[in-house]
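A.B. asks: Provided below: query09.txt, containing compact mmCIF, C-alpha atoms.
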```txt
# COMPACT_ATOMS: atom_id res chain seq x y z
CA MET A 1 -13.07 17.19 25.53
CA ALA A 2 -16.25 15.16 25.01
CA ASP A 3 -17.19 17.51 22.15
CA ALA A 4 -13.79 16.97 20.53
CA ASP A 5 -14.16 13.19 20.90
CA ASN A 6 -17.63 13.33 19.36
CA PHE A 7 -16.29 15.41 16.48
CA ILE A 8 -13.47 12.92 15.85
CA ASP A 9 -15.96 10.04 15.97
CA GLU A 10 -18.15 11.87 13.46
CA ILE A 11 -15.21 12.38 11.07
CA GLN A 12 -14.29 8.70 11.33
CA ARG A 13 -17.93 7.69 10.75
CA ASP A 14 -18.04 9.85 7.59
CA LYS A 15 -14.79 8.29 6.36
CA ILE A 16 -16.23 4.80 6.84
CA ILE A 17 -19.49 5.63 5.08
CA ASN A 18 -17.63 7.26 2.17
CA ALA A 19 -15.24 4.33 1.85
CA ARG A 20 -18.21 1.94 1.64
CA ARG A 21 -19.90 4.09 -1.00
CA ILE A 22 -17.03 4.16 -3.48
CA SER A 23 -15.87 1.25 -5.63
CA PRO A 24 -12.79 -0.87 -4.81
CA GLU A 25 -11.04 0.62 -7.85
CA ARG A 26 -11.82 4.13 -6.63
CA ARG A 27 -10.35 3.28 -3.21
CA ILE A 28 -7.04 2.26 -4.79
CA ARG A 29 -7.03 5.38 -6.99
CA ALA A 30 -7.64 7.60 -3.94
CA GLY A 31 -4.37 6.55 -2.30
CA LEU A 32 -2.43 7.46 -5.43
CA GLU A 33 -4.29 10.76 -5.85
CA LEU A 34 -3.53 11.65 -2.23
CA PHE A 35 0.19 11.35 -3.03
CA ASP A 36 -0.25 13.89 -5.86
CA LEU A 37 -2.30 16.19 -3.64
CA ASN A 38 0.31 16.04 -0.86
CA ARG A 39 3.03 16.72 -3.41
CA GLN A 40 1.20 19.80 -4.70
CA LEU A 41 0.70 21.11 -1.15
CA VAL A 42 4.34 20.58 -0.18
CA MET A 43 5.53 22.16 -3.44
CA ALA A 44 3.29 25.21 -2.77
CA ALA A 45 4.68 25.52 0.77
CA LEU A 46 8.25 25.24 -0.54
CA LYS A 47 7.50 27.91 -3.15
CA MET A 48 6.41 30.27 -0.35
CA GLN A 49 9.59 29.54 1.60
CA HIS A 50 11.80 29.90 -1.49
CA PRO A 51 10.04 32.34 -3.86
CA ASP A 52 13.11 32.84 -6.07
CA VAL A 53 13.73 29.14 -6.73
CA ASN A 54 12.77 27.55 -10.07
CA GLU A 55 10.54 24.47 -10.50
CA ALA A 56 13.46 22.05 -10.89
CA ALA A 57 15.06 23.25 -7.65
CA LEU A 58 11.69 23.10 -5.87
CA ASN A 59 11.21 19.52 -7.03
CA LYS A 60 14.68 18.69 -5.72
CA LEU A 61 13.69 20.12 -2.32
CA PHE A 62 10.48 18.06 -2.44
CA LEU A 63 12.42 14.86 -3.20
CA GLU A 64 14.79 15.58 -0.28
CA ARG A 65 11.80 16.04 2.04
CA LEU A 66 10.20 12.82 0.78
CA ALA A 67 13.45 10.94 1.38
CA MET A 68 13.55 12.32 4.94
CA ILE A 69 9.95 11.18 5.56
CA ARG A 70 10.83 7.69 4.34
CA ARG A 71 13.86 7.55 6.65
CA VAL A 72 11.69 8.57 9.62
CA GLU A 73 8.99 6.04 8.69
CA SER A 74 11.49 3.22 8.37
CA GLY A 75 13.10 4.17 11.69
CA LEU A 76 16.50 4.99 10.17
CA MET B 1 3.02 12.60 -15.24
CA ASN B 2 0.81 12.09 -12.18
CA THR B 3 0.80 9.00 -9.96
CA LEU B 4 -2.16 7.41 -11.78
CA ASP B 5 -0.11 7.70 -15.02
CA VAL B 6 2.82 6.09 -13.19
CA ALA B 7 0.58 3.23 -12.00
CA ALA B 8 -0.79 2.73 -15.52
CA ALA B 9 2.74 2.65 -16.97
CA VAL B 10 3.82 0.09 -14.34
CA LEU B 11 0.81 -2.15 -15.10
CA ASP B 12 1.53 -1.93 -18.82
CA ALA B 13 5.16 -2.89 -18.18
CA LEU B 14 4.10 -5.82 -15.95
CA ASN B 15 1.76 -7.04 -18.69
CA GLN B 16 4.35 -6.55 -21.42
CA VAL B 17 6.93 -8.74 -19.67
CA GLN B 18 4.14 -11.17 -18.68
CA ALA B 19 5.03 -10.81 -15.01
CA SER B 20 3.56 -12.99 -12.28
CA TYR B 21 2.83 -10.45 -9.59
CA LEU B 22 0.53 -9.35 -6.79
CA MET B 23 -0.19 -5.81 -5.56
CA VAL B 24 0.44 -5.58 -1.79
CA GLY B 25 1.16 -2.87 0.80
CA ALA B 26 -0.90 0.26 1.42
CA LEU B 27 -2.67 0.06 -1.94
CA SER B 28 -4.01 -3.38 -1.01
CA SER B 29 -5.37 -2.10 2.31
CA ASN B 30 -6.87 0.90 0.50
CA LEU B 31 -8.66 -1.57 -1.76
CA TYR B 32 -10.64 -2.92 1.21
CA GLY B 33 -10.50 -0.15 3.80
CA ILE B 34 -10.35 3.64 4.12
CA PRO B 35 -7.98 5.12 1.52
CA ARG B 36 -4.86 6.77 2.92
CA ASN B 37 -1.88 8.44 1.32
CA THR B 38 0.97 6.23 0.24
CA ASN B 39 4.41 7.16 -1.06
CA ASP B 40 4.93 3.87 -2.88
CA ALA B 41 3.29 0.99 -4.72
CA ASP B 42 4.36 -2.47 -3.56
CA PHE B 43 4.28 -5.68 -5.55
CA VAL B 44 5.27 -9.27 -4.84
CA PHE B 45 6.76 -10.99 -7.88
CA ALA B 46 7.56 -14.59 -8.78
CA ALA B 47 11.28 -14.55 -9.54
CA ALA B 48 11.14 -17.66 -11.71
CA THR B 49 9.04 -15.86 -14.32
CA THR B 50 9.59 -12.18 -13.66
CA ASP B 51 12.65 -10.00 -14.19
CA VAL B 52 12.45 -6.60 -12.51
CA SER B 53 15.25 -5.28 -14.73
CA ALA B 54 13.07 -6.03 -17.75
CA ILE B 55 10.18 -4.11 -16.14
CA ALA B 56 12.49 -1.13 -15.57
CA ALA B 57 13.71 -1.34 -19.18
CA VAL B 58 10.12 -1.22 -20.48
CA LEU B 59 9.31 1.74 -18.20
CA GLY B 60 12.19 3.67 -19.77
CA ALA B 61 13.94 6.97 -19.14
CA GLY B 62 11.53 8.52 -16.63
CA PHE B 63 12.25 5.72 -14.15
CA ARG B 64 15.38 4.51 -12.38
CA LEU B 65 16.07 0.98 -11.12
CA ASP B 66 18.05 1.13 -7.88
CA PRO B 67 21.15 -1.01 -8.45
CA GLN B 68 21.37 -1.74 -4.73
CA LEU B 69 19.61 -4.90 -3.55
CA SER B 70 17.89 -4.98 -0.18
CA PHE B 71 15.77 -7.43 1.79
CA GLU B 72 12.24 -7.48 3.14
CA SER B 73 12.34 -7.67 6.94
CA ILE B 74 9.95 -10.57 7.75
CA THR B 75 10.66 -13.19 5.10
CA MET B 76 14.10 -11.76 4.15
CA THR B 77 13.31 -11.94 0.47
CA LEU B 78 14.91 -9.80 -2.20
CA ARG B 79 13.61 -6.23 -2.64
CA ARG B 80 14.12 -4.22 -5.82
CA VAL B 81 13.09 -0.59 -6.13
CA ILE B 82 12.17 1.45 -9.19
CA THR B 83 11.80 5.23 -8.68
CA HIS B 84 9.70 7.54 -10.79
CA ILE B 85 12.35 10.23 -11.08
CA GLU B 86 10.13 13.33 -11.36
CA THR B 87 7.80 12.65 -8.40
CA GLY B 88 9.97 10.38 -6.25
CA PHE B 89 7.15 7.83 -6.13
CA LEU B 90 8.60 4.36 -5.45
CA ILE B 91 7.59 1.07 -7.01
CA GLU B 92 8.87 -1.69 -4.74
CA PHE B 93 9.12 -5.30 -5.85
CA PHE B 94 9.44 -8.07 -3.25
CA GLU B 95 10.40 -11.54 -4.38
CA LEU B 96 7.81 -14.23 -3.58
CA SER B 97 9.27 -16.23 -0.69
CA ASP B 98 8.81 -19.84 0.44
CA ASP B 99 6.94 -18.61 3.50
CA PRO B 100 3.65 -20.58 3.70
CA HIS B 101 1.40 -17.54 3.92
CA ASP B 102 3.35 -15.68 1.23
CA GLN B 103 2.75 -18.68 -1.05
CA MET B 104 -0.92 -19.02 -0.11
CA ARG B 105 -1.59 -15.30 -0.60
CA PHE B 106 -0.05 -15.49 -4.07
CA ARG B 107 -2.09 -18.58 -5.02
CA ARG B 108 -5.34 -16.94 -3.85
CA ARG B 109 -4.73 -13.67 -5.76
CA GLN B 110 -7.57 -12.29 -7.83
CA GLN B 111 -7.82 -10.09 -10.90
CA MET B 112 -9.81 -6.87 -10.94
CA PRO B 113 -10.19 -3.93 -13.31
CA PHE B 114 -7.96 -0.92 -12.62
CA LEU B 115 -7.29 2.09 -14.87
CA ASN B 116 -8.84 0.22 -17.82
CA ARG B 117 -6.38 -2.59 -17.26
CA ARG B 118 -6.30 -5.74 -15.13
CA ILE B 119 -4.43 -5.93 -11.84
CA PHE B 120 -3.72 -8.89 -9.54
CA VAL B 121 -4.72 -8.19 -5.94
CA PRO B 122 -4.80 -10.20 -2.70
CA THR B 123 -8.04 -11.32 -1.04
CA VAL B 124 -9.32 -9.26 1.87
CA GLU B 125 -8.47 -12.13 4.25
CA ASP B 126 -4.84 -12.21 3.09
CA VAL B 127 -4.47 -8.45 3.46
CA ILE B 128 -5.65 -8.72 7.08
CA VAL B 129 -3.35 -11.69 7.83
CA ALA B 130 -0.33 -9.90 6.33
CA LYS B 131 -1.08 -6.58 8.04
CA LEU B 132 -1.48 -8.28 11.43
CA ARG B 133 1.87 -9.95 10.94
CA TRP B 134 3.58 -6.70 9.94
CA SER B 135 2.10 -4.84 12.87
CA LYS B 136 3.48 -7.43 15.25
CA HIS B 137 6.88 -7.62 13.57
CA VAL B 138 7.70 -3.98 12.92
CA ARG B 139 5.23 -2.43 15.41
CA ARG B 140 3.85 0.09 12.96
CA SER B 141 0.60 1.66 14.17
CA LYS B 142 -0.52 2.29 10.59
CA ASP B 143 -0.75 -1.47 9.98
CA ILE B 144 -3.12 -1.81 12.93
CA ASP B 145 -5.13 1.17 11.66
CA ASP B 146 -5.31 -0.46 8.23
CA VAL B 147 -6.76 -3.67 9.72
CA LYS B 148 -9.26 -1.71 11.82
CA ASN B 149 -10.35 0.26 8.76
CA ILE B 150 -10.84 -2.91 6.72
CA LEU B 151 -12.89 -4.50 9.51
CA VAL B 152 -15.22 -1.49 9.75
CA VAL B 153 -15.62 -0.94 5.99
CA GLN B 154 -16.11 -4.54 4.87
CA ASP B 155 -19.20 -6.63 5.51
CA MET B 156 -18.00 -9.33 7.92
CA ALA B 157 -20.49 -11.75 6.38
CA ASN B 158 -18.27 -11.75 3.27
CA ILE B 159 -15.01 -12.36 5.16
CA ASP B 160 -13.70 -15.86 5.85
CA LEU B 161 -12.87 -15.33 9.52
CA PRO B 162 -11.86 -18.97 10.21
CA TYR B 163 -9.19 -18.64 7.48
CA ILE B 164 -7.85 -15.45 9.10
CA ARG B 165 -7.91 -17.06 12.56
CA THR B 166 -5.94 -20.08 11.32
CA TRP B 167 -3.11 -17.90 10.01
CA ALA B 168 -3.28 -15.55 13.00
CA GLN B 169 -2.74 -18.58 15.26
CA ALA B 170 0.26 -19.63 13.17
CA HIS B 171 1.71 -16.11 13.25
CA HIS B 172 0.93 -15.54 16.95
CA THR B 173 -1.27 -12.55 16.11
CA ILE B 174 -4.54 -14.09 17.29
CA ASP B 175 -4.74 -11.94 20.44
CA LEU B 176 -4.29 -8.81 18.37
CA LEU B 177 -6.94 -9.99 15.90
CA ASN B 178 -9.42 -10.68 18.71
CA GLN B 179 -8.68 -7.28 20.23
CA LEU B 180 -9.27 -5.49 16.92
CA LEU B 181 -12.49 -7.43 16.30
CA ALA B 182 -13.70 -6.40 19.76
CA ASP B 183 -12.59 -2.76 19.22
CA THR B 184 -14.29 -2.35 15.88
CA GLY B 185 -17.57 -3.76 17.22
CA PRO B 186 -20.92 -2.85 15.67
CA LYS B 187 -20.72 -0.80 12.49
CA PRO B 188 -22.14 2.72 12.12
```
Now, as a test, write the supplied structure out as structure tokens.
C.D. replies:
Amino acid sequence: MADADNFIDEIQRDKIINARRISPERRIRAGLELFDLNRQLVMAALKMQHPDVNEAALNKLFLERLAMIRRVESGL
Amino acid sequence: MNTLDVAAAVLDALNQVQASYLMVGALSSNLYGIPRNTNDADFVFAAATTDVSAIAAVLGAGFRLDPQLSFESITMTLRRVITHIETGFLIEFFELSDDPHDQMRFRRRQQMPFLNRRIFVPTVEDVIVAKLRWSKHVRRSKDIDDVKNILVVQDMANIDLPYIRTWAQAHHTIDLLNQLLADTGPKP
């Protein structure tokens, strides 16, 4: 357990050091780029679950999932 | 169109309609802390000089202005939402309220370069004050994490702590602030 805690501390320390290294503009950009990265990952996972579905239908499934996440986050 | 393209289009639209605005929300905590994913870009706007419908009109066919009005939960000000249809990314606009800190944060806003454009952003102190208030009001752990991350990334010598303490007293978040300052402690 101590090893796991140390590992988590190390990850957090790296995040802090990296955040200090990059410019304020880069930090804003990173949040937006993470949305795109998450979207690509979810779309890839949906494609595996629904191999016969076209891009438009996959995007519809992604938008439904995103709406569900927002409902959960807002406590609705 | 990726999300950076969406952000650039929104900034161009804000400039075109000569909007008085301020970037808030997760993007403002990313500015000063550890970047995290966000599903939306939030802005405060001055209703006297800014028409969100005009912003949506400039953005055009790839975006949709939600006809339904809603309200922000602390200051109960008007909220308008524009959706980027393809990605589902939301651009939320909150009307500037009469709330004293809302007003002060808007007055203290600063300009910085972003995507070869200019963007109005809050000061680090005002992000912390607002996040503390949100964390108390809606009890979202991510707001507390955002404050912690700002405190560990930023050089405290450059932060006006008395200013933050004054607002934290007014918002009854001073205990939480003191706790977070103690938790974040010496920096790595």
A.B. asks: May I ask which of the residues A:Leu41, A:Ala30, A:Ala2, A:Ile11 is the closest one to chain B, counting all atoms listed in the file?
C.D. replies: A:Ala30
A.B. asks: Closest to chain B among A:Ile8, A:Val42, A:Leu66, A:Ala57, using all atoms listed in the file?
C.D. replies: A:Leu66
A.B. asks: Could you please determine the separation between atom CA of B:Pro162 and atom CA of B:Asp126 in Å, to one decimal place?
C.D. replies: 12.1 Å
A.B. asks: Report as a tab-separated table: every residue of chain A with an atom at most 12 Å from chain B, its closest pair of atoms, and their distance in Å to one decimal, counting all atoms listed in the file, with rows sorted by chain and ascending residue number.
C.D. replies:
```
residue	atom	partner	partner_atom	distance
A:Asp9	CA	B:Pro188	CA	10.3
A:Glu10	CA	B:Pro188	CA	10.1
A:Ile11	CA	B:Pro188	CA	11.9
A:Gln12	CA	B:Ile34	CA	9.6
A:Arg13	CA	B:Pro188	CA	6.7
A:Asp14	CA	B:Pro188	CA	9.4
A:Lys15	CA	B:Ile34	CA	6.8
A:Ile16	CA	B:Val153	CA	5.8
A:Ile17	CA	B:Val153	CA	7.7
A:Asn18	CA	B:Ile34	CA	8.4
A:Ala19	CA	B:Ile34	CA	5.4
A:Arg20	CA	B:Val153	CA	5.8
A:Arg21	CA	B:Val153	CA	9.6
A:Ile22	CA	B:Ile34	CA	10.1
A:Ser23	CA	B:Leu31	CA	8.7
A:Pro24	CA	B:Leu31	CA	5.2
A:Glu25	CA	B:Phe114	CA	5.9
A:Arg26	CA	B:Leu31	CA	8.1
A:Arg27	CA	B:Leu31	CA	5.3
A:Ile28	CA	B:Leu31	CA	5.1
A:Arg29	CA	B:Leu4	CA	7.1
A:Ala30	CA	B:Pro35	CA	6.0
A:Gly31	CA	B:Asn37	CA	4.8
A:Leu32	CA	B:Thr3	CA	5.8
A:Glu33	CA	B:Thr3	CA	6.8
A:Leu34	CA	B:Asn37	CA	5.1
A:Phe35	CA	B:Asn37	CA	5.6
A:Asp36	CA	B:Thr3	CA	6.5
A:Leu37	CA	B:Asn37	CA	9.2
A:Asn38	CA	B:Asn37	CA	8.2
A:Arg39	CA	B:Thr87	CA	8.0
A:Gln40	CA	B:Thr87	CA	10.4
A:Val42	CA	B:Thr87	CA	11.9
A:Met43	CA	B:Thr87	CA	11.0
A:Glu55	CA	B:Glu86	CA	11.2
A:Ala56	CA	B:Glu86	CA	9.3
A:Ala57	CA	B:Glu86	CA	11.7
A:Leu58	CA	B:Glu86	CA	11.3
A:Asn59	CA	B:Glu86	CA	7.6
A:Lys60	CA	B:Glu86	CA	9.0
A:Leu61	CA	B:Gly88	CA	11.1
A:Phe62	CA	B:Thr87	CA	8.5
A:Leu63	CA	B:Gly88	CA	5.9
A:Glu64	CA	B:Gly88	CA	9.3
A:Arg65	CA	B:Gly88	CA	10.2
A:Leu66	CA	B:Gly88	CA	7.4
A:Ala67	CA	B:Gly88	CA	8.4
A:Met68	CA	B:Gly88	CA	11.9
A:Ile69	CA	B:Asn39	CA	9.5
A:Arg70	CA	B:Asn39	CA	8.4
A:Glu73	CA	B:Arg140	CA	8.9
A:Ser74	CA	B:Val138	CA	9.3
A:Gly75	CA	B:Val138	CA	9.9
```
A.B. asks: For a test of reading the model, state the distance in Å between atom CA of B:Glu92 and atom CA of B:Gln111, rounded to one decimal.
C.D. replies: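 Computing it gives 19.7 Å between the two atoms.
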A.B. asks: What does the structure give for the distance between atom CA of B:Arg105 and atom CA of B:Gly25, in Å to one decimal?
C.D. replies: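 Computing it gives 12.8 Å between the two atoms.
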